[in-house]
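All remarks here apply to the structure that follows.
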Amino acid sequence: ILTGRMIDRAIRPLFNDNERRDVQLIVTVLSVDGENDYDIVSLIAASAALSISGIEWNGPIGGIRVGLIENEFVFNPSYEQQALSSLDLIVAGTSKKTIMLEAGANEIKEDIIFNAIKEGQSKMQEAIDLIKKLQQEVTVKTKDIKKKLLSADDIKNKEEKERLLNIGREWLSKNIKENLFNKIYYTKNERKMAMRVIKEQLDEYLFSQNIEKAQRDFVIKSLVEIMVEEEVTNAILNEKRRVDGRALNEIRLLSADTTILPRNHGTGLFSRGETQVLSIVTLGAPGMEQTLEGIEGQSKKRYMHHYNFPPYCVGEASPLRGTGRREIGHGALAEKAIIPVLPKKEDFPYTIRVVSETLGSNGSSSMASTCGSSLALMDAGVPIKTQVGGIAMGLASNKDMSRFEVLTDIQDLEDGPGGMDFKITGTKDGLTAIQLDTKTDGLTEEIIAKTFKQGREALNQVLDVLNKELSTPRADLSPYAPRIISFRVNPEKIGAIIGPGGKIINKIIEETEVSIDIDDDGLVMICSTNSENGKKAEKMVKDIVR
């Protein structure tokens, strides 16, 4: 799912906005060598397939993974090299512009990541050239979207629709600004009401022009939201003015709180404007870590972040289904943001699960989840290195991108055509994760550099709020959290502790009501919610190996 989302964000901006037919692109991994990742190959394969499909698509694009080992960039590193790398950056784009970024980083400075993006952009040209060579060798039959011969009635109907749209455009061009910028609209609901007023007034005007209801509805549906987004962009470019009155680099009101719920192991509540997320930490025994098996092989996961986006958080009523692709992607991004500051298993052997509940959403709940998770982990007494914050940066630009403005902390109406969603997470010392998607044909180096600079300023403000609430992990765990006693034994004695068929270890577990995990290197971890039982189990194990 995460690879599919990554590919989708890279190819989607280059389709024709006016094309309404479904396009389905299926990438199937047929073979793996166990040494090289399949996601970059998948991205390039998707680009190649689209480039020879005859579909109107403004490619080809390339993609590349950039690692950082001993201060040297490594391109498309193997699994073995990725394990040594402090950076995992995926860059996708054309030969001149960046369309998609996905990164996890071990507190890497912005200038280093910026250089990695530039280097990656240069190195992936080889893949683009290969696809262009393929295009020359393959006969591509262009899909003609204008095959249907229009009858006289169809032509007349088309002309009538255009006439109606022109009437609507003329009225909207004169009245949107008066309705949308006649005062400051601080909340999403106020902006929705302003949009409703524009629709109602346009409907009244069209009615006065003797236009029937079905035609009025067609004009309103076709024009209002698009032209409102265009007016929002124009106000930003021409007047540096946002609908809610903020400066272009201004964040909405921030707040942070901890220890919200009395029974949980740790909680963090983070709010940015109308976006509010409650993150909840639960600590478990080492044996509760998640076991994974995928194309890459088997692995275990001791830190998990799960993100929920219930319909009420955007004021809607809709059925609850299984976890969607969006929730999985947002949860993975916030998880990736926190991983670099987590303690080593030897220092804190707990399995850690964080669940972020989106209570209200109007702009980047994934970044609020990062902030909420960081607060909750410190509140739970998990010895993370430092607070991690997150911010979503946006963009307003004209069609040829000769004019642009980077926006700090985007919300609702600002995420329109000519924009981007550039999420940045990090600590005071460097960045930990990046995710970019755009509604343009790609970003220039100038835009990316300005976004990093403006994003760092915003990130520091977010971190100040988090640190003001809690700057270091609490010294004690929640009284409801299990306690772990860990010690090492001679690995040769592990068999004696377990006993034939697990008889001895199971007897200890049954008598003391604890859980016991033993690593192959002799690390014994006894987990119990009762300290006396934990000490009793510890004595029983040590008596065996004395």
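Residues in the structure tokens are numbered from 1 in each chain, the chains being A, B, ... in the order shown, and ligands are numbered from 1 in the order shown.
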* Apply DSSP to the structure's backbone, then extract all residues of stretch 106-312 of chain A labelled alpha helix (DSSP H) and return them as a ChimeraX atom specification. => /A:110-123,125-137,152-180,188-208,213-239
* **Contact residues around stretch 262-270 of chain A with only C-alpha atoms at 7 Å, ignoring same-chain residues under 2 positions, as an MDAnalysis selection string** => chainID A and resid 255:260 272 276:283 368 371:373 375:377 379:380 478 480:481
* Using only C-alpha atoms: which of A:Ala396, A:Ala247, A:Val541, A:Met525 has the shortest distance to A:Lys507 ->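 Once distances to A:Lys507 are computed over only C-alpha atoms, the minimum belongs to A:Val541.
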* **Non-local contacts of stretch 190-199 of chain A (7 Å; only C-alpha atoms; under 6 positions in same chain excluded) as a PyMOL selection string** => chain A and resi 176+179-180+220+224
Dump as a short mmCIF file (atom, residue, chain, number, x, y, z; two decimals), in the first residue's frame, selection limited to N, CA, C and O atoms:
data_model
loop_
_atom_site.label_atom_id
_atom_site.label_comp_id
_atom_site.auth_asym_id
_atom_site.auth_seq_id
_atom_site.Cartn_x
_atom_site.Cartn_y
_atom_site.Cartn_z
N ILE A 176 -16.76 37.04 -6.49
CA ILE A 176 -16.09 36.15 -5.53
C ILE A 176 -15.28 36.95 -4.52
O ILE A 176 -15.39 36.75 -3.31
N ASN A 179 -17.20 38.64 -1.77
CA ASN A 179 -17.76 37.75 -0.77
C ASN A 179 -16.70 37.02 0.06
O ASN A 179 -16.94 36.71 1.22
N LEU A 180 -15.55 36.72 -0.55
CA LEU A 180 -14.55 35.90 0.12
C LEU A 180 -13.55 36.73 0.92
O LEU A 180 -12.98 36.26 1.91
N ILE A 220 -23.16 26.05 -11.36
CA ILE A 220 -22.61 26.16 -10.00
C ILE A 220 -21.61 25.05 -9.71
O ILE A 220 -20.51 25.30 -9.20
N VAL A 224 -17.91 27.12 -9.37
CA VAL A 224 -17.70 27.88 -8.12
C VAL A 224 -16.42 27.47 -7.40
O VAL A 224 -15.56 28.31 -7.11
#
* Nearest to A:Asp88 by atom-to-atom distance, counting only C-alpha atoms, from A:Glu538, A:Asp437, A:Asp415, A:Asp37 -> A:Asp37
* So which residues touch A:Lys96 within 10 Å, counting only C-alpha atoms, skipping near sequence neighbours fewer than 4 positions away, as a list in words? -> Ile61, Lys118, Gln121, Ser122, Gln125, Gly442, Leu443, Thr444 and Glu445 of chain A
* Could you tell me, as a PyMOL selection string, which residues of stretch 338-502 of chain A DSSP assigns to strand (DSSP E) when given the backbone? => chain A and resi 351-360+389-397+404-408+420-426+431-438+483-488
What's around A:Thr358 at 8 Å? Count only C-alpha atoms, leave out sequence neighbours fewer than 2 positions away in its own chain, and write the answer as a compact mmCIF listing (two decimals) with N, CA, C and O atoms, in the first residue's frame.
# COMPACT_ATOMS: atom_id res chain seq x y z
N THR A 275 -7.33 21.71 13.70
CA THR A 275 -6.82 20.33 13.67
C THR A 275 -6.41 19.93 15.07
O THR A 275 -5.61 20.62 15.71
N GLN A 276 -6.95 18.82 15.55
CA GLN A 276 -6.66 18.37 16.92
C GLN A 276 -6.52 16.86 16.93
O GLN A 276 -7.37 16.14 16.42
N VAL A 277 -5.42 16.38 17.50
CA VAL A 277 -5.14 14.95 17.55
C VAL A 277 -4.78 14.54 18.97
O VAL A 277 -3.99 15.20 19.64
N LEU A 278 -5.37 13.43 19.41
CA LEU A 278 -5.05 12.85 20.71
C LEU A 278 -4.28 11.55 20.47
O LEU A 278 -4.81 10.63 19.85
N TYR A 307 -3.00 5.30 13.05
CA TYR A 307 -3.66 6.60 12.88
C TYR A 307 -5.12 6.37 12.48
O TYR A 307 -5.41 5.58 11.58
N ASN A 308 -6.02 7.03 13.18
CA ASN A 308 -7.45 6.91 12.88
C ASN A 308 -8.02 8.25 12.44
O ASN A 308 -7.67 9.30 13.01
N PHE A 309 -8.89 8.20 11.44
CA PHE A 309 -9.50 9.41 10.89
C PHE A 309 -11.01 9.17 10.78
O PHE A 309 -11.54 8.89 9.71
N PRO A 310 -11.72 9.23 11.93
CA PRO A 310 -13.16 8.96 11.91
C PRO A 310 -13.92 10.07 11.18
O PRO A 310 -13.46 11.21 11.13
N CYS A 313 -14.52 13.77 12.50
CA CYS A 313 -13.45 14.77 12.64
C CYS A 313 -13.53 15.83 11.54
O CYS A 313 -12.92 16.90 11.66
N SER A 356 -3.09 7.36 17.31
CA SER A 356 -3.47 8.78 17.17
C SER A 356 -4.91 8.87 16.69
O SER A 356 -5.24 8.38 15.61
N GLY A 360 -10.36 16.41 15.30
CA GLY A 360 -10.83 17.44 14.37
C GLY A 360 -9.76 17.62 13.31
O GLY A 360 -8.57 17.54 13.61
N SER A 361 -10.18 17.84 12.06
CA SER A 361 -9.18 17.94 11.00
C SER A 361 -9.47 19.10 10.07
O SER A 361 -10.54 19.20 9.49
N SER A 365 -3.43 16.51 9.60
CA SER A 365 -3.57 15.76 10.85
C SER A 365 -2.39 14.80 11.03
O SER A 365 -2.09 14.39 12.15
N SER A 369 -0.35 14.36 14.36
CA SER A 369 -0.13 13.03 14.95
C SER A 369 1.32 12.86 15.37
O SER A 369 1.61 12.24 16.40
* **For A:Val91: contacts at 10 Å, only C-alpha atoms, fewer than 4 positions along chain excluded, given as a ChimeraX atom specification** => /A:10,40,62-66,98-103,116-121,124,436
Saved selection, atoms kept: C-alpha atoms, as a tab-separated table (two decimals), in the first residue's frame:
chain	number	residue	atom	x	y	z
A	10	ALA	CA	4.61	10.66	-8.46
A	40	ILE	CA	12.18	2.23	-7.31
A	62	GLY	CA	12.35	8.82	-13.17
A	63	GLY	CA	12.87	7.81	-9.58
A	64	ILE	CA	15.83	7.06	-7.34
A	65	ARG	CA	16.63	6.22	-3.72
A	66	VAL	CA	19.41	8.21	-2.05
A	98	THR	CA	10.83	17.31	-8.47
A	99	ILE	CA	7.30	15.89	-8.26
A	100	MET	CA	7.44	13.54	-5.28
A	101	LEU	CA	9.61	13.12	-2.19
A	102	GLU	CA	9.50	10.48	0.53
A	103	ALA	CA	12.17	10.41	3.23
A	116	ALA	CA	20.66	14.79	-1.80
A	117	ILE	CA	17.53	15.83	-3.72
A	118	LYS	CA	19.63	17.68	-6.32
A	119	GLU	CA	22.06	14.78	-6.70
A	120	GLY	CA	19.19	12.30	-6.98
A	121	GLN	CA	17.52	14.47	-9.62
A	124	MET	CA	17.86	9.48	-12.21
A	436	LEU	CA	5.83	15.75	-0.75
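Taking only C-alpha atoms into account, A:Val489 lies nearest to A:Gly522 out of the set A:Gly522, A:Gly297, A:Gly104, A:Gly389.
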* To do: Could you tell me which of A:Lys174, A:Arg9, A:Lys132, A:Lys385 comes closest to A:Pro473 if we count only C-alpha atoms?
  =>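 Counting only C-alpha atoms, the residue closest to A:Pro473 is A:Lys385.
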* Tell me which protein, DNA and RNA residues are within 12 Å of A:Glu446, counting only C-alpha atoms, leaving out same-chain ones fewer than 5 positions away, and put them as a list in words. =>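 Once the adjacent positions are removed, what remains is Lys96, Lys97, Thr98, Phe114, Lys118, Met401, Ser402, Arg403, Phe404, Glu405, Val406, Thr451, Phe452 and Lys453 of chain A.
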* Rounded to one decimal in Å, what is the spacing between atom CA of A:Ser271 and atom CA of A:Ile424? ->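 Separation between atom CA of A:Ser271 and atom CA of A:Ile424: 16.9 Å.
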* Structure fact -> What separates atom CA of A:Lys428 and atom CA of A:Gly67 is a distance of 21.7 Å
